[in-house]
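A.B. asks: Mind having a look at this structure? Questions to follow.
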Amino acid sequence: MLEVKVPDIGDFKDVPVIEIHVKPGDTVKAEDSLVTLESDKATMDVPAPAAGVVKELKVRLGDKVAEGSVILVLEAAGTQAAATTAAPAPAAAPAAPPVAVAPAATAAAPAAAAATDYRPTEAEPTTQPHILHMPSAAETIAETEGSKPHASPSVRRYARELGVDVGKVKGSGTKGRITQQDVQDFVKGVIAGAAAPAAASAAAGTGLNLLPWPVVDFAKFGPIDRQPLSRIKKLSGPNLARNWVMIPAVTYHEDADITELEAFRVQLNKENEKAGIKLTMLAFIIKAAVAALKKFPELNSSLDGDSLVYKNYWHIGFAADTPNGLVVPVLKNADQKGVFDIARETAELSKKARDGETAELSKKARDGKLGPADMQGATFTISSVGGLGGTAFSPIVNAPEVAILGVSKSQMKPVWDGAAFVPRLMLPLSLSADHRVVDGALATRFNAYLAQLLTDFRRTML
């Protein structure tokens, strides 16, 4: 008998079971999906580690699990035959099943980790309690007539975004499965008064009392081309919406004079050109940001109820552009690294992000694509759009962090030096901070100090 357990799903705890695809007595093949889990960052399937018969379920819909939790007991294919062969020797019978099953269990462990479909969003640690309660799929399941609605995780997520209780939606798919079109039709019915206003009720449960999202037939106004959102955008959207609504963030702007620092960067790149080392301005900004965070530790903290958690480590997240959207890899222990190490590691993480797009627990991920550990644990985030343009912007704080730094394109500007206007290369800095932790005076001091470090980089050694 195999105990099928939740594989390595990253630093996620109390992940709810939103779908169970099997029942006792079912015959499954290796890699068949057994249950579907959904954290606030990802939806993932737990596959069968081997072919066999489901003997006992250990979880129910809505149960919360973590890595190592037992999902079910599986009688692996061939176990019965092995037991029958061992029957004439009663003394040896207890030992026969482990001998026959152990190889399958050993081989199954990597297969389970490989096949799990893990899809994180932007790198957001999962330690903060959710202030805004987004109903889980288990909470939206209807108990009518003792049955549960059948819908894929993506459809359930789509329904929750619209505030729709999937238990009240009639499915038109195979075996009554609910499709995205079914959800859209239900919302149209609510607006037309043909159904109970479930969407309004769900919104009221969050305390926001939001109106239903408008449903428009765009095609009646002209030609359209409908394209599905990328997986990254679908997964990051709910987190961004929650952070925008729940964090009272204020953005503070500052310009840093990087004239000398840019000249120094260019000089170092010329000196190390043959070695293939290329320093970016981001490496210097990360190094300076760590120094500023040490001076102003409130910006390297997190709210936890009525407490403020000060972190004595400095893991810096940085936004990386991929064909399907932004992801945020995390540079660990940035305080222990020099600018050359930072430049090399950020380049490697960015390449992983572009090649892998998301951190899936698959063979591709372990073969060099961005993994779960690469996107967790950030204490402060930097979003740089300087390579694209822009003069300023207001980045959204990544909960449970309390601040994020936006960096725009540097520009030559005339700056008064006390006697004349001189051309200086100015770098716009935009710091968005959670006002519950970081007030205006503290944010301004942080920004001004960071600009001072970038103007005279020698200060980072003090």
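The way I read the labels, and the way they are meant: chains A, B, ... in the order of the structure tokens, residue 1 as the first residue of every chain, and ligand 1 as the first ligand shown, with later ones counted on from there.
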Using only C-alpha atoms, which protein or nucleic acid residues come within 6 Å of segment 73-75 of chain A? Drop anything in the same chain fewer than 5 positions from it, and give the result as a PDB file with C-alpha atoms, in the first residue's frame.
C.D. replies:
ATOM      1  CA  MET A   1       0.000   0.000   0.000  1.00  0.00           C
ATOM      2  CA  LEU A   2       1.313   3.439  -0.935  1.00  0.00           C
ATOM      3  CA  GLU A   3       0.548   6.530   1.106  1.00  0.00           C
ATOM      4  CA  GLY A  52      -3.204   1.058  -8.862  1.00  0.00           C
ATOM      5  CA  VAL A  53      -6.517   1.131  -7.009  1.00  0.00           C
ATOM      6  CA  VAL A  54      -7.589   3.864  -4.600  1.00  0.00           C
ATOM      7  CA  LYS A  55      -8.269   2.156  -1.268  1.00  0.00           C
ATOM      8  CA  GLU A  56      -8.914   5.076   1.080  1.00  0.00           C
TER       9      GLU A  56
END
A.B. asks: Could you tell me, as a list in words, which residues of segment 146-297 of chain A DSSP assigns to strand (DSSP E or B) when given the backbone?
C.D. replies: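 Restricting segment 146-297 of chain A to strand (DSSP E or B) produces Ala151, Ile178, Ala249, Val250, Thr251, Tyr252, His253, Glu254, Asp255, Ala256 and Asp257 of chain A.
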A.B. asks: Using only C-alpha atoms, I'd like a table of the residues in segment 400-445 of chain A that come within 6 Å of segment 249-272 of chain A; for each, show the closest atom pair and its distance in Å rounded to one decimal, ordered by chain and ascending number, as JSON lines.
C.D. replies:
{"residue": "A:Arg424", "atom": "CA", "partner": "A:Thr259", "partner_atom": "CA", "distance": 5.8}
{"residue": "A:Leu425", "atom": "CA", "partner": "A:Thr259", "partner_atom": "CA", "distance": 4.8}
{"residue": "A:Met426", "atom": "CA", "partner": "A:Asp257", "partner_atom": "CA", "distance": 4.6}
{"residue": "A:Leu427", "atom": "CA", "partner": "A:Ala256", "partner_atom": "CA", "distance": 5.0}
{"residue": "A:Pro428", "atom": "CA", "partner": "A:Asp255", "partner_atom": "CA", "distance": 4.5}
{"residue": "A:Leu429", "atom": "CA", "partner": "A:Glu254", "partner_atom": "CA", "distance": 5.1}
{"residue": "A:Ser430", "atom": "CA", "partner": "A:His253", "partner_atom": "CA", "distance": 4.6}
{"residue": "A:Leu431", "atom": "CA", "partner": "A:Tyr252", "partner_atom": "CA", "distance": 5.1}
{"residue": "A:Ser432", "atom": "CA", "partner": "A:Thr251", "partner_atom": "CA", "distance": 4.1}
{"residue": "A:Ala433", "atom": "CA", "partner": "A:Ala249", "partner_atom": "CA", "distance": 5.1}
{"residue": "A:Asp434", "atom": "CA", "partner": "A:Ala249", "partner_atom": "CA", "distance": 4.5}
{"residue": "A:His435", "atom": "CA", "partner": "A:Ala249", "partner_atom": "CA", "distance": 5.6}
A.B. asks: What does the structure give for the distance between atom CA of Lys5 of chain A and atom CA of Lys58 of chain A, in Å to one decimal?
C.D. replies: 9.9 Å
A.B. asks: Can you pull out every residue within 10 Å of Asp335 of chain A, counting only C-alpha atoms, but drop anything in the same chain fewer than 5 positions away, and send it as a list of chain:residue names?
C.D. replies: A:Ile286, A:Lys287, A:Ala288, A:Ala289, A:Val290, A:Ala291, A:Lys294, A:Tyr313, A:Trp314, A:His315, A:Ile316, A:Ile342
A.B. asks: Keeping only all heavy atoms, take the residues you just selected and write them out as a tab-separated table (two decimals), in the first residue's frame.
C.D. replies:
chain	number	residue	atom	x	y	z
A	286	ILE	N	20.53	47.74	-6.02
A	286	ILE	CA	20.26	46.73	-5.00
A	286	ILE	C	21.22	46.88	-3.82
A	286	ILE	O	20.82	46.84	-2.65
A	286	ILE	CB	20.36	45.32	-5.60
A	286	ILE	CG1	19.18	45.06	-6.55
A	286	ILE	CG2	20.39	44.26	-4.51
A	286	ILE	CD1	19.24	43.73	-7.27
A	287	LYS	N	22.49	47.08	-4.12
A	287	LYS	CA	23.49	47.23	-3.06
A	287	LYS	C	23.19	48.46	-2.21
A	287	LYS	O	23.26	48.40	-0.97
A	287	LYS	CB	24.89	47.34	-3.69
A	287	LYS	CG	26.03	47.28	-2.69
A	287	LYS	CD	26.15	45.91	-2.08
A	287	LYS	CE	27.35	45.82	-1.14
A	287	LYS	NZ	27.44	44.50	-0.48
A	288	ALA	N	22.83	49.56	-2.85
A	288	ALA	CA	22.51	50.78	-2.11
A	288	ALA	C	21.21	50.62	-1.32
A	288	ALA	O	21.08	51.11	-0.20
A	288	ALA	CB	22.40	51.95	-3.08
A	289	ALA	N	20.23	49.91	-1.90
A	289	ALA	CA	18.95	49.71	-1.23
A	289	ALA	C	19.14	48.92	0.06
A	289	ALA	O	18.51	49.21	1.08
A	289	ALA	CB	17.96	48.99	-2.15
A	290	VAL	N	20.02	47.91	0.05
A	290	VAL	CA	20.27	47.12	1.25
A	290	VAL	C	20.86	48.01	2.34
A	290	VAL	O	20.46	47.93	3.52
A	290	VAL	CB	21.22	45.95	0.94
A	290	VAL	CG1	21.70	45.28	2.23
A	290	VAL	CG2	20.53	44.93	0.05
A	291	ALA	N	21.79	48.88	1.96
A	291	ALA	CA	22.36	49.80	2.95
A	291	ALA	C	21.30	50.72	3.53
A	291	ALA	O	21.28	51.00	4.73
A	291	ALA	CB	23.49	50.61	2.30
A	294	LYS	N	19.05	48.83	5.99
A	294	LYS	CA	19.69	48.64	7.28
A	294	LYS	C	19.59	49.89	8.14
A	294	LYS	O	19.45	49.80	9.36
A	294	LYS	CB	21.15	48.23	7.08
A	294	LYS	CG	21.33	46.81	6.56
A	294	LYS	CD	22.80	46.40	6.52
A	294	LYS	CE	22.96	44.94	6.12
A	294	LYS	NZ	24.37	44.51	6.12
A	313	TYR	N	17.36	39.73	7.69
A	313	TYR	CA	17.92	39.25	6.44
A	313	TYR	C	17.40	40.16	5.34
A	313	TYR	O	16.36	40.80	5.49
A	313	TYR	CB	17.55	37.78	6.17
A	313	TYR	CG	16.06	37.49	6.24
A	313	TYR	CD1	15.25	37.58	5.10
A	313	TYR	CD2	15.45	37.13	7.44
A	313	TYR	CE1	13.89	37.32	5.16
A	313	TYR	CE2	14.09	36.87	7.51
A	313	TYR	CZ	13.31	36.96	6.37
A	313	TYR	OH	11.98	36.72	6.42
A	314	TRP	N	18.14	40.22	4.25
A	314	TRP	CA	17.81	41.17	3.19
A	314	TRP	C	17.74	40.42	1.86
A	314	TRP	O	18.75	40.17	1.20
A	314	TRP	CB	18.85	42.29	3.14
A	314	TRP	CG	18.77	43.15	4.36
A	314	TRP	CD1	18.08	44.32	4.50
A	314	TRP	CD2	19.39	42.91	5.64
A	314	TRP	NE1	18.21	44.81	5.77
A	314	TRP	CE2	19.01	43.96	6.50
A	314	TRP	CE3	20.21	41.89	6.13
A	314	TRP	CZ2	19.44	44.03	7.82
A	314	TRP	CZ3	20.64	41.96	7.45
A	314	TRP	CH2	20.25	43.03	8.27
A	315	HIS	N	16.52	40.00	1.52
A	315	HIS	CA	16.26	39.29	0.26
A	315	HIS	C	15.53	40.28	-0.65
A	315	HIS	O	14.41	40.70	-0.33
A	315	HIS	CB	15.39	38.05	0.49
A	315	HIS	CG	16.01	37.02	1.39
A	315	HIS	ND1	17.36	36.99	1.68
A	315	HIS	CD2	15.45	35.97	2.07
A	315	HIS	CE1	17.61	35.97	2.49
A	315	HIS	NE2	16.48	35.35	2.74
A	316	ILE	N	16.12	40.60	-1.77
A	316	ILE	CA	15.58	41.64	-2.64
A	316	ILE	C	14.91	41.03	-3.88
A	316	ILE	O	15.55	40.32	-4.66
A	316	ILE	CB	16.69	42.62	-3.09
A	316	ILE	CG1	17.45	43.16	-1.88
A	316	ILE	CG2	16.08	43.76	-3.89
A	316	ILE	CD1	16.59	43.90	-0.88
A	342	ILE	N	26.03	40.28	-7.42
A	342	ILE	CA	24.63	40.66	-7.61
A	342	ILE	C	24.29	40.71	-9.10
A	342	ILE	O	23.24	40.21	-9.52
A	342	ILE	CB	24.34	42.02	-6.94
A	342	ILE	CG1	24.45	41.89	-5.41
A	342	ILE	CG2	22.96	42.54	-7.33
A	342	ILE	CD1	24.33	43.20	-4.68
A.B. asks: Applying 12 Å and only C-alpha atoms, which residues near segment 152-155 of chain A remain after dropping the ones on its own chain fewer than 4 positions away? List them as a ChimeraX atom specification.
C.D. replies: /A:17-21,35-39,42-45,117,119,136-138,159-162,164-166,169,171,173,176-184,228-231,234-235
A.B. asks: Here is a test: counting only C-alpha atoms, which residue of A:Val59, A:Ile71, A:Ala30, A:Thr391 is nearest to Val6 of chain A?
C.D. replies: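 The shortest atom-to-atom distance to Val6 of chain A comes from A:Ile71.
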A.B. asks: Atom CA of Ala334 of chain A to atom CA of Leu462 of chain A: how many Å, to one decimal?
C.D. replies: 16.6 Å
A.B. asks: Can you list, as a VMD selection string, every protein, DNA or RNA residue that comes within 8 Å of Leu326 of chain A when you count only C-alpha atoms, leaving out same-chain residues fewer than 4 positions away?
C.D. replies: chain A and resid 122 232 319 to 322
